[in-house]
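Chemist: Input file: data_10.cif. Contents: mmCIF, C-alpha atoms.
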```cif
data_model
#
loop_
_atom_site.label_atom_id
_atom_site.label_comp_id
_atom_site.auth_asym_id
_atom_site.auth_seq_id
_atom_site.Cartn_x
_atom_site.Cartn_y
_atom_site.Cartn_z
CA ARG A 1 -25.20 -12.61 3.76
CA LEU A 2 -25.22 -10.84 7.11
CA LEU A 3 -22.19 -12.83 8.28
CA ASP A 4 -20.13 -12.08 5.20
CA PRO A 5 -17.90 -9.46 6.90
CA ILE A 6 -16.70 -11.95 9.52
CA LEU A 7 -16.33 -15.04 7.32
CA ASP A 8 -12.78 -16.13 6.62
CA ALA A 9 -11.58 -15.69 3.03
CA GLY A 10 -8.30 -17.38 3.82
CA ASN A 11 -5.36 -16.64 1.53
CA ALA A 12 -7.54 -16.18 -1.53
CA THR A 13 -5.96 -14.45 -4.52
CA THR A 14 -9.16 -13.96 -6.53
CA PRO A 15 -12.72 -12.88 -5.66
CA GLN A 16 -13.99 -16.30 -6.74
CA GLU A 17 -11.55 -18.09 -4.46
CA ALA A 18 -12.45 -15.76 -1.58
CA GLU A 19 -16.15 -16.53 -2.08
CA GLU A 20 -15.47 -20.27 -2.08
CA ASN A 21 -13.43 -20.00 1.12
CA LYS A 22 -16.20 -18.01 2.79
CA ASN A 23 -18.75 -20.62 1.74
CA GLN A 24 -16.63 -23.33 3.36
CA ASP A 25 -16.26 -21.22 6.49
CA PHE A 26 -20.04 -20.72 6.63
CA LYS A 27 -20.64 -24.47 6.25
CA ALA A 28 -18.23 -25.14 9.10
CA PHE A 29 -20.10 -22.54 11.18
CA LEU A 30 -23.45 -24.25 10.50
CA HIS A 31 -21.97 -27.63 11.34
CA GLN A 32 -20.77 -26.32 14.68
CA LEU A 33 -24.21 -24.90 15.48
CA LYS A 34 -25.72 -28.37 15.04
CA GLN A 35 -23.40 -30.00 17.57
CA LYS A 36 -24.96 -31.00 20.87
CA LEU A 37 -23.59 -29.03 23.80
CA PRO A 38 -21.50 -30.85 26.41
CA ILE A 39 -22.84 -31.29 29.92
CA THR A 40 -21.78 -28.48 32.24
CA PHE A 41 -22.68 -27.74 35.84
CA ARG A 42 -21.72 -25.49 38.72
CA VAL A 43 -21.16 -26.74 42.27
CA ASN A 44 -23.10 -24.74 44.89
CA PRO A 45 -20.47 -23.19 47.22
CA LEU A 46 -23.04 -22.38 49.91
CA ASN A 47 -23.37 -26.01 50.97
CA VAL A 48 -21.26 -27.07 53.95
CA GLY A 49 -18.52 -29.34 52.67
CA PHE A 50 -19.01 -28.45 49.00
CA GLU A 51 -15.28 -29.14 48.56
CA THR A 52 -16.11 -32.85 48.82
CA ILE A 53 -18.10 -32.55 45.59
CA THR A 54 -15.40 -30.56 43.79
CA ASP A 55 -12.79 -33.10 44.89
CA LEU A 56 -14.91 -35.90 43.43
CA PHE A 57 -15.28 -34.26 40.04
CA SER A 58 -11.63 -33.19 40.01
CA SER A 59 -10.47 -36.81 40.24
CA GLU A 60 -9.17 -38.09 36.91
CA THR A 61 -10.58 -41.55 37.63
CA PHE A 62 -13.99 -40.53 39.03
CA VAL A 63 -16.01 -41.57 35.96
CA LYS A 64 -14.26 -44.92 35.64
CA ASP A 65 -14.42 -45.67 39.38
CA TRP A 66 -18.07 -44.63 39.74
CA CYS A 67 -19.19 -46.73 36.76
CA GLU A 68 -17.33 -49.74 38.07
CA LYS A 69 -18.79 -49.35 41.55
CA HIS A 70 -22.41 -49.04 40.36
CA LYS A 71 -22.47 -51.16 37.19
CA GLU A 72 -24.75 -53.76 38.82
CA ASN A 73 -26.87 -51.33 40.83
CA PRO A 74 -30.36 -51.17 39.25
CA ASP A 75 -31.01 -47.75 40.79
CA PHE A 76 -28.24 -46.28 38.65
CA GLN A 77 -29.04 -47.93 35.32
CA ALA A 78 -30.54 -46.36 32.21
CA LYS A 79 -34.31 -46.88 32.11
CA GLU A 80 -34.83 -46.62 28.35
CA GLY A 81 -33.12 -47.27 25.06
CA ARG A 82 -29.77 -48.44 26.38
CA ILE A 83 -26.91 -47.85 24.00
CA SER A 84 -23.22 -48.66 23.95
CA ASN A 85 -21.53 -46.50 21.36
CA LEU A 86 -18.39 -45.62 23.30
CA SER A 87 -15.29 -47.78 23.20
CA GLN A 88 -13.70 -49.00 26.41
CA GLU A 89 -10.69 -46.82 25.66
CA VAL A 90 -12.91 -43.71 25.47
CA LEU A 91 -14.78 -44.69 28.62
CA ASP A 92 -11.54 -45.19 30.54
CA SER A 93 -10.27 -41.76 29.51
CA LEU A 94 -13.45 -39.81 30.27
CA ARG A 95 -13.13 -37.21 32.99
CA PHE A 96 -14.74 -34.00 34.17
CA THR A 97 -12.78 -30.89 33.24
CA ASN A 98 -12.66 -27.89 35.54
CA LEU A 99 -13.18 -24.68 33.55
CA GLU A 100 -10.68 -22.42 35.24
CA PHE A 101 -12.17 -19.04 34.29
CA TYR A 102 -14.85 -19.61 36.94
CA PRO A 103 -13.71 -18.94 40.55
CA GLU A 104 -13.06 -21.55 43.24
CA LYS A 105 -12.97 -24.59 40.91
CA LEU A 106 -16.79 -24.73 40.85
CA LEU A 107 -17.47 -25.20 37.11
CA TYR A 108 -17.14 -28.60 35.43
CA GLN A 109 -17.72 -30.04 31.98
CA ILE A 110 -17.70 -33.49 30.41
CA PRO A 111 -17.42 -33.80 26.61
CA LEU A 112 -20.66 -35.73 26.13
CA SER A 113 -24.21 -34.75 25.34
CA ARG A 114 -26.99 -35.33 27.86
CA GLU A 115 -28.51 -38.04 25.64
CA VAL A 116 -25.34 -40.11 25.56
CA LEU A 117 -24.71 -39.81 29.29
CA ARG A 118 -28.32 -40.68 30.11
CA LYS A 119 -28.74 -43.68 27.82
CA ASP A 120 -25.32 -45.29 27.69
CA HIS A 121 -25.55 -48.50 29.71
CA VAL A 122 -22.21 -47.81 31.40
CA LEU A 123 -22.41 -44.05 31.94
CA SER A 124 -26.03 -43.91 33.10
CA SER A 125 -24.87 -44.25 36.72
CA VAL A 126 -22.85 -41.04 36.36
CA HIS A 127 -25.89 -39.28 34.88
CA LYS A 128 -28.01 -40.48 37.79
CA PHE A 129 -25.48 -39.16 40.30
CA ILE A 130 -25.41 -35.73 38.63
CA GLN A 131 -29.21 -35.73 38.57
CA LEU A 132 -29.42 -36.51 42.28
CA CYS A 133 -26.87 -33.80 43.12
CA ASN A 134 -28.83 -31.31 40.99
CA ASP A 135 -32.17 -32.20 42.61
CA SER A 136 -30.70 -31.80 46.10
CA GLY A 137 -29.14 -28.42 45.32
CA LEU A 138 -25.52 -29.58 45.53
CA LEU A 139 -24.95 -28.41 41.98
CA THR A 140 -26.79 -26.63 39.16
CA ARG A 141 -26.79 -27.89 35.59
CA GLN A 142 -26.39 -24.83 33.41
CA GLU A 143 -24.78 -23.93 30.09
CA VAL A 144 -21.48 -22.07 30.31
CA VAL A 145 -22.75 -19.12 28.25
CA SER A 146 -25.61 -18.68 30.74
CA MET A 147 -23.18 -18.40 33.67
CA ILE A 148 -21.18 -15.54 32.19
CA PRO A 149 -23.56 -12.55 32.82
CA PRO A 150 -23.75 -12.99 36.64
CA LEU A 151 -20.00 -13.55 36.70
CA LEU A 152 -19.35 -10.29 34.84
CA LEU A 153 -21.65 -8.40 37.20
CA ASP A 154 -19.17 -9.18 39.98
CA VAL A 155 -21.98 -9.47 42.56
CA LYS A 156 -20.98 -9.14 46.21
CA PRO A 157 -22.85 -9.28 49.56
CA GLY A 158 -24.95 -6.15 49.97
CA TYR A 159 -25.92 -5.83 46.31
CA LYS A 160 -29.60 -5.19 45.56
CA ILE A 161 -30.56 -7.10 42.41
CA PHE A 162 -33.70 -7.17 40.29
CA ASP A 163 -33.73 -10.22 38.02
CA ALA A 164 -36.47 -9.75 35.41
CA CYS A 165 -37.31 -12.61 32.99
CA ALA A 166 -35.67 -14.80 35.62
CA ALA A 167 -37.12 -18.23 34.76
CA PRO A 168 -36.05 -20.97 34.85
CA GLY A 169 -33.84 -19.53 37.59
CA SER A 170 -30.31 -20.86 37.05
CA LYS A 171 -28.83 -17.36 36.87
CA THR A 172 -30.96 -16.30 39.85
CA ALA A 173 -29.44 -19.10 41.92
CA GLN A 174 -26.02 -18.02 40.71
CA LEU A 175 -26.68 -14.42 41.78
CA LEU A 176 -27.71 -15.67 45.23
CA GLU A 177 -24.55 -17.73 45.49
CA PHE A 178 -22.44 -14.63 44.84
CA SER A 179 -24.50 -12.37 47.13
CA LEU A 180 -24.30 -14.77 50.10
CA ARG A 181 -20.79 -16.11 49.60
CA GLY A 182 -18.64 -15.84 52.69
CA LEU A 183 -21.46 -14.80 55.05
CA THR A 184 -22.17 -16.82 58.18
CA GLY A 185 -24.30 -16.55 61.30
CA LYS A 186 -25.90 -13.19 61.99
CA ASP A 187 -24.14 -11.64 58.99
CA ILE A 188 -26.64 -13.46 56.79
CA MET A 189 -29.60 -11.74 58.45
CA LEU A 190 -27.81 -8.37 58.60
CA ASN A 191 -26.85 -8.49 54.92
CA PRO A 192 -28.71 -5.57 53.28
CA GLY A 193 -28.51 -7.20 49.85
CA PHE A 194 -31.28 -9.13 48.14
CA VAL A 195 -32.39 -10.63 44.83
CA ILE A 196 -35.90 -10.00 43.51
CA ALA A 197 -36.71 -12.44 40.72
CA ASN A 198 -39.85 -12.75 38.62
CA ASP A 199 -41.08 -13.74 35.18
CA ALA A 200 -44.06 -12.53 33.14
CA ASP A 201 -44.79 -16.07 31.90
CA GLU A 202 -46.76 -17.90 34.60
CA SER A 203 -45.71 -21.37 33.44
CA ARG A 204 -42.05 -20.37 33.43
CA ALA A 205 -42.46 -18.70 36.83
CA ASN A 206 -43.30 -22.15 38.19
CA LEU A 207 -39.90 -23.32 36.97
CA LEU A 208 -38.34 -20.41 38.82
CA ALA A 209 -40.12 -21.40 42.04
CA HIS A 210 -38.92 -24.99 41.61
CA GLN A 211 -35.35 -23.85 41.11
CA MET A 212 -35.45 -21.77 44.27
CA SER A 213 -36.96 -24.66 46.27
CA ARG A 214 -33.78 -26.69 45.70
CA PHE A 215 -31.46 -23.83 46.60
CA ASN A 216 -29.45 -24.66 49.70
CA TYR A 217 -27.52 -22.54 52.13
CA GLY A 218 -25.56 -24.32 54.82
#
```
I need this file expressed as structure tokens, please.
Modeler:
Amino acid sequence: RLLDPILDAGNATTPQEAEENKNQDFKAFLHQLKQKLPITFRVNPLNVGFETITDLFSSETFVKDWCEKHKENPDFQAKEGRISNLSQEVLDSLRFTNLEFYPEKLLYQIPLSREVLRKDHVLSSVHKFIQLCNDSGLLTRQEVVSMIPPLLLDVKPGYKIFDACAAPGSKTAQLLEFSLRGLTGKDIMLNPGFVIANDADESRANLLAHQMSRFNYG
């Protein structure tokens, strides 16, 4: 087993016990891999008034209040396979969590999979709102692990960036957010930095173009 060196043998006193503990650790690892990822997204800080969006998602009662407000609105209802697997107690306690390692309170997560949020007859209105914000460029739905590389690069205005294998473009948008952050007026045009993004796969390059078409500044 390639993972054997990092598997936990616990407090085993015999080789057989150590092997059994490692098997249990490996099973737990496989179980975790099969779990659906929670919904995460990043608010676009280049939009004027983006703080309004972060304030919304920071509210502990946003999910509950939004569902109550739009529960009868057909435009915010699930279109297929409605489900209701969540108890009222769980629904009342649901909230978006700000992941504090990301600067400026821009990164949020809710502990539900996309399927549950989209199909639950109560929560579908929240999914629709996130979808509309994503389509308009107010936020970008992206996995946390995908946001880490641009963050570690510590991109600043003036950086010249070549983003190869860039599709579908979430990290490209993130690089642009960093490279334009804080610039206004003529400073935008005078900024010597740029991002060149491309992808060898033509079909995926179309996704990249779509992502850039919803990118907003101002």
Chemist: Nearest to Val126 (chain A) among A:His210, A:Arg204, A:Lys69, A:Arg42, with distances taken over only C-alpha atoms: which residue is it?
Modeler: A:Lys69
Chemist: If we count all atoms listed in the file, what is near region 134-151 of chain A at a cut-off of 6 Å, once residues fewer than 3 positions away on the same chain are taken out, given as a CSV table (one decimal) with C-alpha atoms, keeping the file's coordinate frame?
Modeler:
```csv
chain,number,residue,atom,x,y,z
A,40,THR,CA,-21.8,-28.5,32.2
A,41,PHE,CA,-22.7,-27.7,35.8
A,42,ARG,CA,-21.7,-25.5,38.7
A,43,VAL,CA,-21.2,-26.7,42.3
A,44,ASN,CA,-23.1,-24.7,44.9
A,131,GLN,CA,-29.2,-35.7,38.6
A,154,ASP,CA,-19.2,-9.2,40.0
A,214,ARG,CA,-33.8,-26.7,45.7
A,215,PHE,CA,-31.5,-23.8,46.6
A,216,ASN,CA,-29.4,-24.7,49.7
```
Chemist: One decimal, Å: what's the distance from CA of Glu72 (chain A) over to CA of Leu123 (chain A), could you say?
Modeler: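 Computing it gives 12.1 Å between the two atoms.
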Chemist: Evaluating the PyMOL selection byres ((chain A and resi 39) around 10) on the displayed file yields which residues, as a PDB file with C-alpha atoms, in the frame of the given file?
Modeler:
```
ATOM      1  CA  LYS A  36     -24.960 -31.000  20.870  1.00  0.00           C
ATOM      2  CA  LEU A  37     -23.590 -29.030  23.800  1.00  0.00           C
ATOM      3  CA  PRO A  38     -21.500 -30.850  26.410  1.00  0.00           C
ATOM      4  CA  THR A  40     -21.780 -28.480  32.240  1.00  0.00           C
ATOM      5  CA  PHE A  41     -22.680 -27.740  35.840  1.00  0.00           C
ATOM      6  CA  PHE A  96     -14.740 -34.000  34.170  1.00  0.00           C
ATOM      7  CA  TYR A 108     -17.140 -28.600  35.430  1.00  0.00           C
ATOM      8  CA  GLN A 109     -17.720 -30.040  31.980  1.00  0.00           C
ATOM      9  CA  ILE A 110     -17.700 -33.490  30.410  1.00  0.00           C
ATOM     10  CA  PRO A 111     -17.420 -33.800  26.610  1.00  0.00           C
ATOM     11  CA  LEU A 112     -20.660 -35.730  26.130  1.00  0.00           C
ATOM     12  CA  SER A 113     -24.210 -34.750  25.340  1.00  0.00           C
ATOM     13  CA  ARG A 114     -26.990 -35.330  27.860  1.00  0.00           C
ATOM     14  CA  GLU A 115     -28.510 -38.040  25.640  1.00  0.00           C
ATOM     15  CA  LEU A 117     -24.710 -39.810  29.290  1.00  0.00           C
ATOM     16  CA  HIS A 127     -25.890 -39.280  34.880  1.00  0.00           C
ATOM     17  CA  ARG A 141     -26.790 -27.890  35.590  1.00  0.00           C
ATOM     18  CA  GLN A 142     -26.390 -24.830  33.410  1.00  0.00           C
ATOM     19  CA  GLU A 143     -24.780 -23.930  30.090  1.00  0.00           C
ATOM     20  CA  VAL A 144     -21.480 -22.070  30.310  1.00  0.00           C
TER      21      VAL A 144
END
```
Chemist: With the file shown as input, list the residues that the PyMOL selection byres ((chain A and resi 184) around 12) selects, as number ranges by chain.
Modeler: A: 46-48, 157, 180-183, 185-191, 217-218
Chemist: Emit the selected residues as a PDB file, in the coordinates of the input, including C-alpha atoms.
Modeler:
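Result file follows (selection.pdb):
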```
ATOM      1  CA  LEU A  46     -23.040 -22.380  49.910  1.00  0.00           C
ATOM      2  CA  ASN A  47     -23.370 -26.010  50.970  1.00  0.00           C
ATOM      3  CA  VAL A  48     -21.260 -27.070  53.950  1.00  0.00           C
ATOM      4  CA  PRO A 157     -22.850  -9.280  49.560  1.00  0.00           C
ATOM      5  CA  LEU A 180     -24.300 -14.770  50.100  1.00  0.00           C
ATOM      6  CA  ARG A 181     -20.790 -16.110  49.600  1.00  0.00           C
ATOM      7  CA  GLY A 182     -18.640 -15.840  52.690  1.00  0.00           C
ATOM      8  CA  LEU A 183     -21.460 -14.800  55.050  1.00  0.00           C
ATOM      9  CA  GLY A 185     -24.300 -16.550  61.300  1.00  0.00           C
ATOM     10  CA  LYS A 186     -25.900 -13.190  61.990  1.00  0.00           C
ATOM     11  CA  ASP A 187     -24.140 -11.640  58.990  1.00  0.00           C
ATOM     12  CA  ILE A 188     -26.640 -13.460  56.790  1.00  0.00           C
ATOM     13  CA  MET A 189     -29.600 -11.740  58.450  1.00  0.00           C
ATOM     14  CA  LEU A 190     -27.810  -8.370  58.600  1.00  0.00           C
ATOM     15  CA  ASN A 191     -26.850  -8.490  54.920  1.00  0.00           C
ATOM     16  CA  TYR A 217     -27.520 -22.540  52.130  1.00  0.00           C
ATOM     17  CA  GLY A 218     -25.560 -24.320  54.820  1.00  0.00           C
TER      18      GLY A 218
END
```
Chemist: Could you tell me which residues the PyMOL selection byres ((chain A and resi 55) around 12) grabs in this file, written as a list in words?
Modeler: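 Output from the PyMOL selection byres ((chain A and resi 55) around 12), applied to this file: Val43, Gly49, Phe50, Glu51, Thr52, Ile53, Thr54, Leu56, Phe57, Ser58, Ser59, Glu60, Thr61, Phe62, Phe96, Thr97, Asn98, Glu104, Lys105, Leu106 and Tyr108 of chain A.
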Chemist: To one decimal place in Å, what is the distance between CA of Pro45 (chain A) and CA of Leu175 (chain A)?
Modeler: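 These atoms are spaced 12.0 Å apart.
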Chemist: Any idea what the distance is between CA of Gly193 (chain A) and CA of Ser179 (chain A)?
Modeler: 7.1 Å
Chemist: Select all residues near (-30.1, -14.5, 43.7) (cut-off 9 Å, inclusive, file coordinates), counting all atoms listed in the file, and output them as a PyMOL selection string.
Modeler: chain A and resi 161-163+169+171-180+194-197
Chemist: Residues around (-13.6, -49.6, 28.4), cut-off 12 Å, counting all atoms listed in the file - what are they as a PyMOL selection string?
Modeler: chain A and resi 63-65+67-68+84-94+122-123
Chemist: Looking at A:Leu99, A:His31, A:Ser125, A:Cys133, which one is nearest to Pro74 (chain A), with distances taken over all atoms listed in the file?
Modeler: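 Among the listed residues, the smallest separation from Pro74 (chain A) belongs to A:Ser125.
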Chemist: Give me the residues near Pro192 (chain A) as a PyMOL selection string, where near means some atom within 8 Å (using all atoms listed in the file) and where sequence neighbours in that chain fewer than 3 positions away do not count.
Modeler: chain A and resi 157-160
